[in-house]
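So the structure is just underneath, and the comments pick up after that.
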Amino acid sequence: MNLSSRMTETPGALSLSGVRAVLELRGLQVLARLPADAIVPLACHVTDDRFDAGAMVYRQGQTADRIGFLVSGGVEILRSGRAVVELDPGDILGEAGLLDVPVHLGDAVAVSDCRVLWIDREAFHEMLDLHPGFQRAILDALCARLRRPNS
């Protein structure tokens, strides 16, 4: 079932884990300005991962099939073993693989215990098509990252 058909579902169809996902997504600065009717269908496509400090979140060259929203902890992106950016809660990760090339451009390593909410490629692209506010939120997040001194 795609996002646009989910938007017509009744609110009672959302599971408890879906309600938690809505609340967590709404709590992320990157998505805070989106209306609830945009967040609810997105929450239906969320998967939740936890990584211990030092764990590999994804590897450079690995197929990129989802975008991540860092909920807690920190993640460092490395290219050729060199740190290029450290991500904090609220940051997105893995987006280049969905927007440009179909693989991860660097290694992502948890620098502390962390938690990531993932949205698959199909849901991400559908959100871009259906919600101009989502497009703007992603662009704003990418621009903010480019302005960081360590990027």
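Every chain in the structure tokens has a letter given in the order shown (A, B, ...), and although residue numbers restart at 1 in each chain, ligands are simply numbered from 1 in the order shown.
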
How close does region 11-31 of chain A get to region 65-78 of chain A? List, as a tab-separated table, each residue of region 11-31 of chain A within 12 Å, its nearest atom pair and the distance in Å to one decimal, counting only C-alpha atoms.
```
residue	atom	partner	partner_atom	distance
A:Ala21	CA	A:Val71	CA	10.8
A:Leu23	CA	A:Val71	CA	11.5
A:Glu24	CA	A:Val71	CA	7.8
A:Leu25	CA	A:Phe69	CA	8.3
A:Arg26	CA	A:Val71	CA	11.1
A:Gly27	CA	A:Val71	CA	8.9
A:Leu28	CA	A:Val71	CA	7.4
A:Gln29	CA	A:Phe69	CA	10.2
A:Val30	CA	A:Phe69	CA	8.8
A:Leu31	CA	A:Phe69	CA	9.7
```

So that I have them on file, write out the residues from the current selection with C-alpha atoms, as an mmCIF file, in the first residue's frame.
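File produced: result.cif:
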```cif
data_model
loop_
_atom_site.group_PDB
_atom_site.id
_atom_site.type_symbol
_atom_site.label_atom_id
_atom_site.label_comp_id
_atom_site.auth_asym_id
_atom_site.auth_seq_id
_atom_site.Cartn_x
_atom_site.Cartn_y
_atom_site.Cartn_z
ATOM 1 C CA ALA A 21 6.877 6.837 15.437
ATOM 2 C CA LEU A 23 5.638 11.460 18.018
ATOM 3 C CA GLU A 24 9.321 10.792 17.441
ATOM 4 C CA LEU A 25 9.260 12.046 13.857
ATOM 5 C CA ARG A 26 7.402 15.187 14.947
ATOM 6 C CA GLY A 27 10.082 15.698 17.606
ATOM 7 C CA LEU A 28 12.873 15.887 15.013
ATOM 8 C CA GLN A 29 13.682 19.452 14.046
ATOM 9 C CA VAL A 30 13.951 18.520 10.372
ATOM 10 C CA LEU A 31 10.289 17.367 10.335
#
```

Worksheet entry | Near-Leu128 (chain A) list (12 Å; only C-alpha atoms; drop same-chain fewer than 2 positions) as an NGL selection string | :A and (3-4 or 38 or 42 or 98-99 or 121-126 or 130-139)

Practice prompt. Identify, with DSSP run on backbone atoms, the residues in region 3-137 of chain A assigned to strand (DSSP E), and express the list as a PyMOL selection string.
Written response: chain A and resi 46-51+56-58+66-72+75-79+82-87+92-93+107-110+114-120

Item to complete: Enter the distance from CA of Ser17 (chain A) to CA of Pro41 (chain A), in Å, rounded to one decimal.
Response: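 Straight-line distance from CA of Ser17 (chain A) to CA of Pro41 (chain A) works out to 12.9 Å.
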
Fill in: Among listed residues A:Cys44, A:Leu142, A:Ala53, A:Val84, nearest Asp113 (chain A) (using only C-alpha atoms)
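Closest to Asp113 (chain A) of all the choices is A:Ala53.
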
Discussion item. As a PyMOL selection string, please: every residue in chain A that DSSP puts in alpha helix (DSSP H).
Written reply: chain A and resi 3-6+16-27+36-43+96-99+121-130+132-147

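Note that CA of Thr63 (chain A) and CA of Leu93 (chain A) are 13.6 Å apart.
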
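Put simply, CA of Asp48 (chain A) is 11.1 Å away from CA of Gly18 (chain A).
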